[in-house]
file target.cif (mmCIF, C-alpha atoms and all ligand atoms)
data_entry
loop_
_atom_site.group_PDB
_atom_site.id
_atom_site.type_symbol
_atom_site.label_atom_id
_atom_site.label_comp_id
_atom_site.auth_asym_id
_atom_site.auth_seq_id
_atom_site.Cartn_x
_atom_site.Cartn_y
_atom_site.Cartn_z
ATOM 1 C CA MET A 1 24.309 17.979 -38.784
ATOM 2 C CA ARG A 2 23.040 20.685 -36.507
ATOM 3 C CA PHE A 3 19.490 19.779 -37.540
ATOM 4 C CA ILE A 4 20.036 16.099 -36.726
ATOM 5 C CA SER A 5 21.514 16.844 -33.349
ATOM 6 C CA LEU A 6 18.553 19.074 -32.588
ATOM 7 C CA ILE A 7 16.222 16.175 -33.351
ATOM 8 C CA ALA A 8 18.313 13.892 -31.162
ATOM 9 C CA ALA A 9 18.160 16.398 -28.328
ATOM 10 C CA ALA A 10 14.390 16.720 -28.728
ATOM 11 C CA LEU A 11 13.948 12.933 -28.654
ATOM 12 C CA ALA A 12 16.145 12.597 -25.593
ATOM 13 C CA ALA A 13 14.062 15.235 -23.823
ATOM 14 C CA ALA A 14 10.727 13.639 -24.787
ATOM 15 C CA PRO A 15 8.846 12.341 -21.749
ATOM 16 C CA VAL A 16 8.773 8.592 -21.265
ATOM 17 C CA VAL A 17 5.413 7.254 -22.379
ATOM 18 C CA LEU A 18 3.935 5.615 -19.306
ATOM 19 C CA GLY A 19 1.297 2.911 -19.286
ATOM 20 C CA ALA A 20 -2.083 3.388 -17.721
ATOM 21 C CA ASN A 21 -2.447 3.180 -13.954
ATOM 22 C CA PHE A 22 -5.219 1.139 -12.343
ATOM 23 C CA ARG A 23 -6.179 1.988 -8.770
ATOM 24 C CA VAL A 24 -7.451 -0.891 -6.652
ATOM 25 C CA THR A 25 -8.576 -0.380 -3.061
ATOM 26 C CA VAL A 26 -7.923 -3.083 -0.487
ATOM 27 C CA GLY A 27 -10.262 -3.356 2.490
ATOM 28 C CA GLU A 28 -12.509 -0.419 1.592
ATOM 29 C CA ASP A 29 -15.348 -0.005 4.133
ATOM 30 C CA ASN A 30 -13.566 -2.597 6.306
ATOM 31 C CA LEU A 31 -14.635 -5.324 3.867
ATOM 32 C CA PHE A 32 -12.447 -8.305 2.952
ATOM 33 C CA ALA A 33 -12.378 -7.209 -0.657
ATOM 34 C CA PHE A 34 -10.425 -5.714 -3.513
ATOM 35 C CA LYS A 35 -12.296 -3.092 -5.493
ATOM 36 C CA PRO A 36 -12.722 -3.474 -8.386
ATOM 37 C CA GLU A 37 -12.476 -7.278 -8.485
ATOM 38 C CA GLU A 38 -11.504 -7.488 -12.154
ATOM 39 C CA ILE A 39 -9.193 -5.338 -14.272
ATOM 40 C CA HIS A 40 -7.721 -5.626 -17.753
ATOM 41 C CA PRO A 41 -4.329 -3.899 -17.804
ATOM 42 C CA ALA A 42 -1.942 -4.108 -20.767
ATOM 43 C CA THR A 43 1.732 -5.009 -20.548
ATOM 44 C CA GLY A 44 3.562 -2.067 -19.001
ATOM 45 C CA ASP A 45 0.530 -0.709 -17.172
ATOM 46 C CA THR A 46 0.673 -0.332 -13.411
ATOM 47 C CA ILE A 47 -1.650 -1.186 -10.545
ATOM 48 C CA THR A 48 -1.624 0.929 -7.406
ATOM 49 C CA PHE A 49 -3.034 -0.952 -4.438
ATOM 50 C CA GLN A 50 -4.389 1.378 -1.784
ATOM 51 C CA PHE A 51 -4.601 -0.397 1.581
ATOM 52 C CA LEU A 52 -7.433 1.225 3.542
ATOM 53 C CA THR A 53 -8.179 -1.005 6.550
ATOM 54 C CA ARG A 54 -6.771 -3.963 8.532
ATOM 55 C CA ASN A 55 -3.522 -5.616 7.434
ATOM 56 C CA HIS A 56 -3.795 -7.209 4.017
ATOM 57 C CA SER A 57 -1.524 -8.188 1.139
ATOM 58 C CA ALA A 58 -2.049 -8.351 -2.606
ATOM 59 C CA THR A 59 -0.341 -11.541 -3.692
ATOM 60 C CA THR A 60 -0.668 -13.687 -6.798
ATOM 61 C CA THR A 61 -1.888 -17.235 -6.370
ATOM 62 C CA MET A 62 -3.295 -20.113 -8.424
ATOM 63 C CA PHE A 63 -6.674 -19.942 -10.160
ATOM 64 C CA SER A 64 -7.821 -23.249 -8.683
ATOM 65 C CA GLY A 65 -6.694 -25.934 -6.271
ATOM 66 C CA ALA A 66 -4.589 -24.632 -3.383
ATOM 67 C CA VAL A 67 -5.690 -21.020 -3.884
ATOM 68 C CA CYS A 68 -5.503 -19.985 -0.220
ATOM 69 C CA PRO A 69 -3.268 -18.664 1.155
ATOM 70 C CA PRO A 70 -1.211 -17.217 -1.705
ATOM 71 C CA PRO A 71 2.485 -18.073 -1.300
ATOM 72 C CA PRO A 72 4.927 -15.418 -0.029
ATOM 73 C CA GLY A 73 6.500 -13.738 -3.051
ATOM 74 C CA GLY A 74 3.509 -14.581 -5.212
ATOM 75 C CA PHE A 75 2.708 -17.478 -7.510
ATOM 76 C CA GLY A 76 3.709 -17.759 -11.129
ATOM 77 C CA GLU A 77 5.939 -16.130 -13.705
ATOM 78 C CA ASN A 78 5.581 -12.346 -13.392
ATOM 79 C CA GLY A 79 3.565 -12.825 -10.224
ATOM 80 C CA PHE A 80 3.906 -10.298 -7.411
ATOM 81 C CA ASP A 81 3.467 -9.792 -3.685
ATOM 82 C CA THR A 82 3.021 -6.437 -1.964
ATOM 83 C CA GLY A 83 3.775 -7.978 1.416
ATOM 84 C CA PHE A 84 1.595 -7.251 4.440
ATOM 85 C CA GLN A 85 0.481 -3.625 4.590
ATOM 86 C CA PRO A 86 -0.866 -2.764 8.035
ATOM 87 C CA THR A 87 -3.045 0.330 8.196
ATOM 88 C CA THR A 88 -4.247 2.716 10.885
ATOM 89 C CA ASP A 89 -6.953 5.370 10.834
ATOM 90 C CA VAL A 90 -4.411 7.730 9.299
ATOM 91 C CA ILE A 91 -1.906 5.457 7.549
ATOM 92 C CA HIS A 92 -3.060 3.974 4.239
ATOM 93 C CA PRO A 93 -0.085 2.536 2.380
ATOM 94 C CA GLU A 94 0.011 2.429 -1.410
ATOM 95 C CA VAL A 95 2.027 -0.117 -3.371
ATOM 96 C CA THR A 96 2.407 0.044 -7.155
ATOM 97 C CA VAL A 97 3.247 -3.001 -9.264
ATOM 98 C CA THR A 98 3.992 -3.105 -12.983
ATOM 99 C CA ILE A 99 2.208 -5.633 -15.184
ATOM 100 C CA LYS A 100 4.857 -7.413 -17.253
ATOM 101 C CA ASP A 101 2.727 -9.557 -19.558
ATOM 102 C CA SER A 102 -0.820 -9.966 -20.857
ATOM 103 C CA GLU A 103 -1.404 -13.283 -19.059
ATOM 104 C CA PRO A 104 -4.078 -13.812 -16.402
ATOM 105 C CA HIS A 105 -2.964 -13.202 -12.815
ATOM 106 C CA TRP A 106 -5.001 -14.201 -9.767
ATOM 107 C CA VAL A 107 -4.638 -12.097 -6.655
ATOM 108 C CA SER A 108 -5.690 -12.632 -3.061
ATOM 109 C CA CYS A 109 -4.463 -11.894 0.482
ATOM 110 C CA MET A 110 -2.006 -14.000 2.510
ATOM 111 C CA GLN A 111 -3.321 -12.918 5.925
ATOM 112 C CA ALA A 112 -4.438 -15.304 8.674
ATOM 113 C CA GLY A 113 -3.308 -18.519 7.020
ATOM 114 C CA GLY A 114 -5.643 -17.947 4.091
ATOM 115 C CA ALA A 115 -8.748 -16.942 6.083
ATOM 116 C CA HIS A 116 -9.139 -13.646 4.207
ATOM 117 C CA CYS A 117 -8.649 -15.485 0.918
ATOM 118 C CA ARG A 118 -11.335 -18.021 1.837
ATOM 119 C CA ARG A 119 -13.749 -15.148 2.470
ATOM 120 C CA GLY A 120 -13.549 -14.535 -1.271
ATOM 121 C CA MET A 121 -11.124 -11.613 -1.159
ATOM 122 C CA ILE A 122 -9.965 -11.689 -4.789
ATOM 123 C CA LEU A 123 -8.805 -9.671 -7.768
ATOM 124 C CA ALA A 124 -8.754 -11.168 -11.274
ATOM 125 C CA ILE A 125 -6.235 -9.602 -13.659
ATOM 126 C CA ASN A 126 -6.924 -10.277 -17.337
ATOM 127 C CA PRO A 127 -9.218 -13.285 -16.775
ATOM 128 C CA PRO A 128 -9.999 -15.058 -20.061
ATOM 129 C CA PRO A 129 -13.637 -16.007 -20.820
ATOM 130 C CA SER A 130 -12.928 -19.596 -19.741
ATOM 131 C CA MET A 131 -11.634 -18.550 -16.279
ATOM 132 C CA THR A 132 -13.859 -15.893 -14.762
ATOM 133 C CA ALA A 133 -13.422 -13.759 -11.657
ATOM 134 C CA GLU A 134 -16.573 -15.398 -10.256
ATOM 135 C CA GLU A 135 -15.069 -18.885 -10.706
ATOM 136 C CA PHE A 136 -11.809 -17.742 -9.119
ATOM 137 C CA LYS A 137 -13.748 -16.393 -6.136
ATOM 138 C CA ALA A 138 -15.652 -19.685 -5.776
ATOM 139 C CA ASN A 139 -12.344 -21.578 -5.964
ATOM 140 C CA ALA A 140 -10.864 -19.383 -3.230
ATOM 141 C CA ILE A 141 -13.871 -19.855 -0.934
ATOM 142 C CA ALA A 142 -13.676 -23.631 -1.448
ATOM 143 C CA SER A 143 -9.884 -23.736 -1.035
HETATM 144 C C1 LIG B 201 0.532 -7.735 9.705
HETATM 145 O O1 LIG B 201 0.342 -9.085 9.455
HETATM 146 C C2 LIG B 201 1.526 -9.879 9.472
HETATM 147 C C3 LIG B 201 1.174 -11.289 9.085
HETATM 148 O O2 LIG B 201 0.196 -11.816 9.926
HETATM 149 C C4 LIG B 201 2.155 -9.786 10.843
HETATM 150 O O3 LIG B 201 3.356 -10.519 10.852
HETATM 151 C C5 LIG B 201 2.418 -8.332 11.194
HETATM 152 O O4 LIG B 201 2.903 -8.254 12.522
HETATM 153 C C6 LIG B 201 1.145 -7.528 11.064
HETATM 154 N N1 LIG B 201 1.443 -6.133 11.310
HETATM 155 C C7 LIG B 201 0.792 -5.418 12.226
HETATM 156 C C8 LIG B 201 1.262 -4.019 12.412
HETATM 157 O O5 LIG B 201 -0.139 -5.866 12.870
HETATM 158 CU CU CU B 202 -6.355 -9.755 4.013
#
call {"tool": "encode", "arguments": {"input": "target.cif", "output": "structure tokens", "more": "lines below"}}
Ligand SMILES: *[C@@H]1O[C@H](CO)[C@@H](O)[C@H](O)[C@H]1NC(C)=O
Ligand SMILES: [Cu+2]
result
Amino acid sequence: MRFISLIAAALAAAPVVLGANFRVTVGEDNLFAFKPEEIHPATGDTITFQFLTRNHSATTTMFSGAVCPPPPGGFGENGFDTGFQPTTDVIHPEVTVTIKDSEPHWVSCMQAGGAHCRRGMILAINPPPSMTAEEFKANAIAS
């Protein structure tokens, strides 16, 4: 019994196995861009958005159609919305979201009524071969 309780204590003390973390910059070099523009996280992984310039959001939207602007709160099941994250020369907010499924998610920025989105400011999460990041960007620009 003592042996079993030792195992139980060891298991309880074991560190939680965390998913991978993906870092995505927002507005690097003052550009209207996420970098990188495509990532392939697994369920349980996290994305840390690092807001470097201006006042952007990272918000899920539709792949095609009314892409811009993304809706407040984010589009779709397990979508997300960081909200607006204003920056200064010295303040660069970071927001981490957890990926809850292995589905594609399409991310852009809500700012200026969709103007940033229509500049092609996009991030494709788990795009399948039939729906590429390049197509999503073209859809945003045309939206
Ligand atoms: C950031 O943008 C939002 C949406 O346009 C605006 O409401 C907010 O005032 C802005 N924040 C700053 C500090 O400019
Ligand atoms: Cu923006």
call {"tool": "residues_near_ligand", "arguments": {"input": "target.cif", "ligand": "ligand CU 202 (chain B)", "cutoff": "10 Å", "atoms": "only C-alpha atoms and all ligand atoms", "output": "JSON, numbers by chain"}}
result
{"A": [26, 27, 31, 32, 33, 34, 51, 53, 54, 55, 56, 57, 58, 59, 69, 84, 85, 86, 108, 109, 110, 111, 112, 113, 114, 115, 116, 117, 118, 119, 121, 122]}
call {"tool": "resolve_selection", "arguments": {"input": "target.cif", "expression": "the PyMOL selection byres (((chain A and resi 37) around 10) and not hetatm)", "output": "JSON, numbers by chain"}}
result
{"A": [24, 25, 33, 34, 35, 36, 38, 39, 107, 121, 122, 123, 124, 125, 133, 134, 137]}
call {"tool": "axis_aligned_box", "arguments": {"input": "target.cif", "around": "ligand LIG 201 (chain B)", "padding_each_side": "6 Å", "output": "AutoDock Vina command-line options"}}
result
--center_x 1.6 --center_y -7.9 --center_z 11.0 --size_x 15.5 --size_y 19.8 --size_z 15.8
call {"tool": "atom_distance", "arguments": {"input": "target.cif", "atom1": "atom CA of A:Glu103", "atom2": "atom CA of A:Pro127"}}
result
8.1 Å
call {"tool": "closest_residue", "arguments": {"input": "target.cif", "among": "A:Pro41, A:Gly83, A:Gly74, A:Gly19", "to": "A:Asp101", "atoms": "all atoms listed in the file"}}
result
A:Pro41
call {"tool": "atom_distance", "arguments": {"input": "target.cif", "atom1": "atom CA of A:Pro71", "atom2": "atom CA of A:Trp106"}}
result
11.9 Å
call {"tool": "atom_distance", "arguments": {"input": "target.cif", "atom1": "atom CA of A:Asp29", "atom2": "atom CA of A:Asp89"}}
result
12.0 Å
call {"tool": "closest_residue", "arguments": {"input": "target.cif", "among": "A:Ser64, A:Asn30, A:Thr48, A:Asn21", "to": "A:Ala140", "atoms": "only C-alpha atoms"}}
result
A:Ser64
call {"tool": "closest_residue", "arguments": {"input": "target.cif", "among": "A:Thr87, A:Ala142, A:Phe63, A:Pro104", "to": "ligand LIG 201 (chain B)", "atoms": "only C-alpha atoms and all ligand atoms"}}
result
A:Thr87
call {"tool": "closest_residue", "arguments": {"input": "target.cif", "among": "A:Thr88, A:Asp45, A:Gln50, A:Ala66", "to": "ligand LIG 201 (chain B)", "atoms": "all atoms listed in the file"}}
result
A:Thr88
call {"tool": "resolve_selection", "arguments": {"input": "target.cif", "expression": "the PyMOL selection byres (((chain A and resi 79) around 9) and not hetatm)", "output": "list of chain:residue names"}}
result
A:Thr59, A:Thr60, A:Thr61, A:Gly73, A:Gly74, A:Phe75, A:Gly76, A:Glu77, A:Asn78, A:Phe80, A:Asp81, A:Ile99, A:Lys100, A:His105, A:Trp106, A:Val107
call {"tool": "build_atoms", "arguments": {"input": "target.cif", "residues": "stretch 70-91 of chain A", "atoms": "N, CA, C and O atoms", "output": "PDB file, keeping the file's coordinate frame"}}
result
ATOM      1  N   PRO A  70      -2.243 -17.403  -0.678  1.00  0.00           N
ATOM      2  CA  PRO A  70      -1.211 -17.217  -1.705  1.00  0.00           C
ATOM      3  C   PRO A  70       0.168 -17.388  -1.085  1.00  0.00           C
ATOM      4  O   PRO A  70       0.358 -17.074   0.096  1.00  0.00           O
ATOM      5  N   PRO A  71       1.140 -17.865  -1.851  1.00  0.00           N
ATOM      6  CA  PRO A  71       2.485 -18.073  -1.300  1.00  0.00           C
ATOM      7  C   PRO A  71       3.261 -16.757  -1.197  1.00  0.00           C
ATOM      8  O   PRO A  71       3.124 -15.890  -2.061  1.00  0.00           O
ATOM      9  N   PRO A  72       4.075 -16.617  -0.128  1.00  0.00           N
ATOM     10  CA  PRO A  72       4.927 -15.418  -0.029  1.00  0.00           C
ATOM     11  C   PRO A  72       5.743 -15.236  -1.304  1.00  0.00           C
ATOM     12  O   PRO A  72       6.295 -16.193  -1.842  1.00  0.00           O
ATOM     13  N   GLY A  73       5.792 -14.021  -1.804  1.00  0.00           N
ATOM     14  CA  GLY A  73       6.500 -13.738  -3.051  1.00  0.00           C
ATOM     15  C   GLY A  73       5.593 -13.799  -4.258  1.00  0.00           C
ATOM     16  O   GLY A  73       5.911 -13.241  -5.304  1.00  0.00           O
ATOM     17  N   GLY A  74       4.460 -14.510  -4.108  1.00  0.00           N
ATOM     18  CA  GLY A  74       3.509 -14.581  -5.212  1.00  0.00           C
ATOM     19  C   GLY A  74       3.746 -15.770  -6.102  1.00  0.00           C
ATOM     20  O   GLY A  74       4.878 -16.219  -6.275  1.00  0.00           O
ATOM     21  N   PHE A  75       2.656 -16.304  -6.641  1.00  0.00           N
ATOM     22  CA  PHE A  75       2.708 -17.478  -7.510  1.00  0.00           C
ATOM     23  C   PHE A  75       2.893 -17.052  -8.964  1.00  0.00           C
ATOM     24  O   PHE A  75       2.299 -16.084  -9.425  1.00  0.00           O
ATOM     25  N   GLY A  76       3.689 -17.839  -9.675  1.00  0.00           N
ATOM     26  CA  GLY A  76       3.709 -17.759 -11.129  1.00  0.00           C
ATOM     27  C   GLY A  76       4.726 -16.795 -11.700  1.00  0.00           C
ATOM     28  O   GLY A  76       5.203 -15.879 -11.033  1.00  0.00           O
ATOM     29  N   GLU A  77       5.045 -17.025 -12.982  1.00  0.00           N
ATOM     30  CA  GLU A  77       5.939 -16.130 -13.705  1.00  0.00           C
ATOM     31  C   GLU A  77       5.294 -14.746 -13.767  1.00  0.00           C
ATOM     32  O   GLU A  77       4.102 -14.626 -14.072  1.00  0.00           O
ATOM     33  N   ASN A  78       6.070 -13.732 -13.445  1.00  0.00           N
ATOM     34  CA  ASN A  78       5.581 -12.346 -13.392  1.00  0.00           C
ATOM     35  C   ASN A  78       4.488 -12.146 -12.348  1.00  0.00           C
ATOM     36  O   ASN A  78       3.707 -11.194 -12.439  1.00  0.00           O
ATOM     37  N   GLY A  79       4.439 -13.060 -11.365  1.00  0.00           N
ATOM     38  CA  GLY A  79       3.565 -12.825 -10.224  1.00  0.00           C
ATOM     39  C   GLY A  79       4.147 -11.726  -9.342  1.00  0.00           C
ATOM     40  O   GLY A  79       5.250 -11.224  -9.591  1.00  0.00           O
ATOM     41  N   PHE A  80       3.414 -11.359  -8.302  1.00  0.00           N
ATOM     42  CA  PHE A  80       3.906 -10.298  -7.411  1.00  0.00           C
ATOM     43  C   PHE A  80       3.324 -10.478  -6.016  1.00  0.00           C
ATOM     44  O   PHE A  80       2.383 -11.242  -5.805  1.00  0.00           O
ATOM     45  N   ASP A  81       3.897  -9.746  -5.083  1.00  0.00           N
ATOM     46  CA  ASP A  81       3.467  -9.792  -3.685  1.00  0.00           C
ATOM     47  C   ASP A  81       3.786  -8.447  -3.057  1.00  0.00           C
ATOM     48  O   ASP A  81       4.952  -8.057  -2.999  1.00  0.00           O
ATOM     49  N   THR A  82       2.774  -7.743  -2.599  1.00  0.00           N
ATOM     50  CA  THR A  82       3.021  -6.437  -1.964  1.00  0.00           C
ATOM     51  C   THR A  82       3.563  -6.583  -0.558  1.00  0.00           C
ATOM     52  O   THR A  82       4.010  -5.606   0.037  1.00  0.00           O
ATOM     53  N   GLY A  83       3.495  -7.816  -0.001  1.00  0.00           N
ATOM     54  CA  GLY A  83       3.775  -7.978   1.416  1.00  0.00           C
ATOM     55  C   GLY A  83       2.609  -7.461   2.244  1.00  0.00           C
ATOM     56  O   GLY A  83       1.672  -6.853   1.706  1.00  0.00           O
ATOM     57  N   PHE A  84       2.659  -7.730   3.554  1.00  0.00           N
ATOM     58  CA  PHE A  84       1.595  -7.251   4.440  1.00  0.00           C
ATOM     59  C   PHE A  84       1.687  -5.735   4.581  1.00  0.00           C
ATOM     60  O   PHE A  84       2.785  -5.190   4.744  1.00  0.00           O
ATOM     61  N   GLN A  85       0.536  -5.090   4.531  1.00  0.00           N
ATOM     62  CA  GLN A  85       0.481  -3.625   4.590  1.00  0.00           C
ATOM     63  C   GLN A  85      -0.481  -3.202   5.694  1.00  0.00           C
ATOM     64  O   GLN A  85      -1.656  -2.912   5.444  1.00  0.00           O
ATOM     65  N   PRO A  86       0.018  -3.190   6.947  1.00  0.00           N
ATOM     66  CA  PRO A  86      -0.866  -2.764   8.035  1.00  0.00           C
ATOM     67  C   PRO A  86      -1.272  -1.299   7.892  1.00  0.00           C
ATOM     68  O   PRO A  86      -0.485  -0.478   7.419  1.00  0.00           O
ATOM     69  N   THR A  87      -2.493  -1.027   8.288  1.00  0.00           N
ATOM     70  CA  THR A  87      -3.045   0.330   8.196  1.00  0.00           C
ATOM     71  C   THR A  87      -3.405   0.826   9.590  1.00  0.00           C
ATOM     72  O   THR A  87      -3.495   0.039  10.533  1.00  0.00           O
ATOM     73  N   THR A  88      -3.617   2.126   9.705  1.00  0.00           N
ATOM     74  CA  THR A  88      -4.247   2.716  10.885  1.00  0.00           C
ATOM     75  C   THR A  88      -5.320   3.669  10.361  1.00  0.00           C
ATOM     76  O   THR A  88      -5.520   3.787   9.144  1.00  0.00           O
ATOM     77  N   ASP A  89      -5.962   4.386  11.271  1.00  0.00           N
ATOM     78  CA  ASP A  89      -6.953   5.370  10.834  1.00  0.00           C
ATOM     79  C   ASP A  89      -6.334   6.413   9.905  1.00  0.00           C
ATOM     80  O   ASP A  89      -7.021   6.973   9.051  1.00  0.00           O
ATOM     81  N   VAL A  90      -5.036   6.655  10.079  1.00  0.00           N
ATOM     82  CA  VAL A  90      -4.411   7.730   9.299  1.00  0.00           C
ATOM     83  C   VAL A  90      -3.331   7.234   8.339  1.00  0.00           C
ATOM     84  O   VAL A  90      -2.860   7.997   7.507  1.00  0.00           O
ATOM     85  N   ILE A  91      -2.952   5.977   8.441  1.00  0.00           N
ATOM     86  CA  ILE A  91      -1.906   5.457   7.549  1.00  0.00           C
ATOM     87  C   ILE A  91      -2.530   4.471   6.580  1.00  0.00           C
ATOM     88  O   ILE A  91      -3.080   3.428   6.989  1.00  0.00           O
TER      89      ILE A  91
END
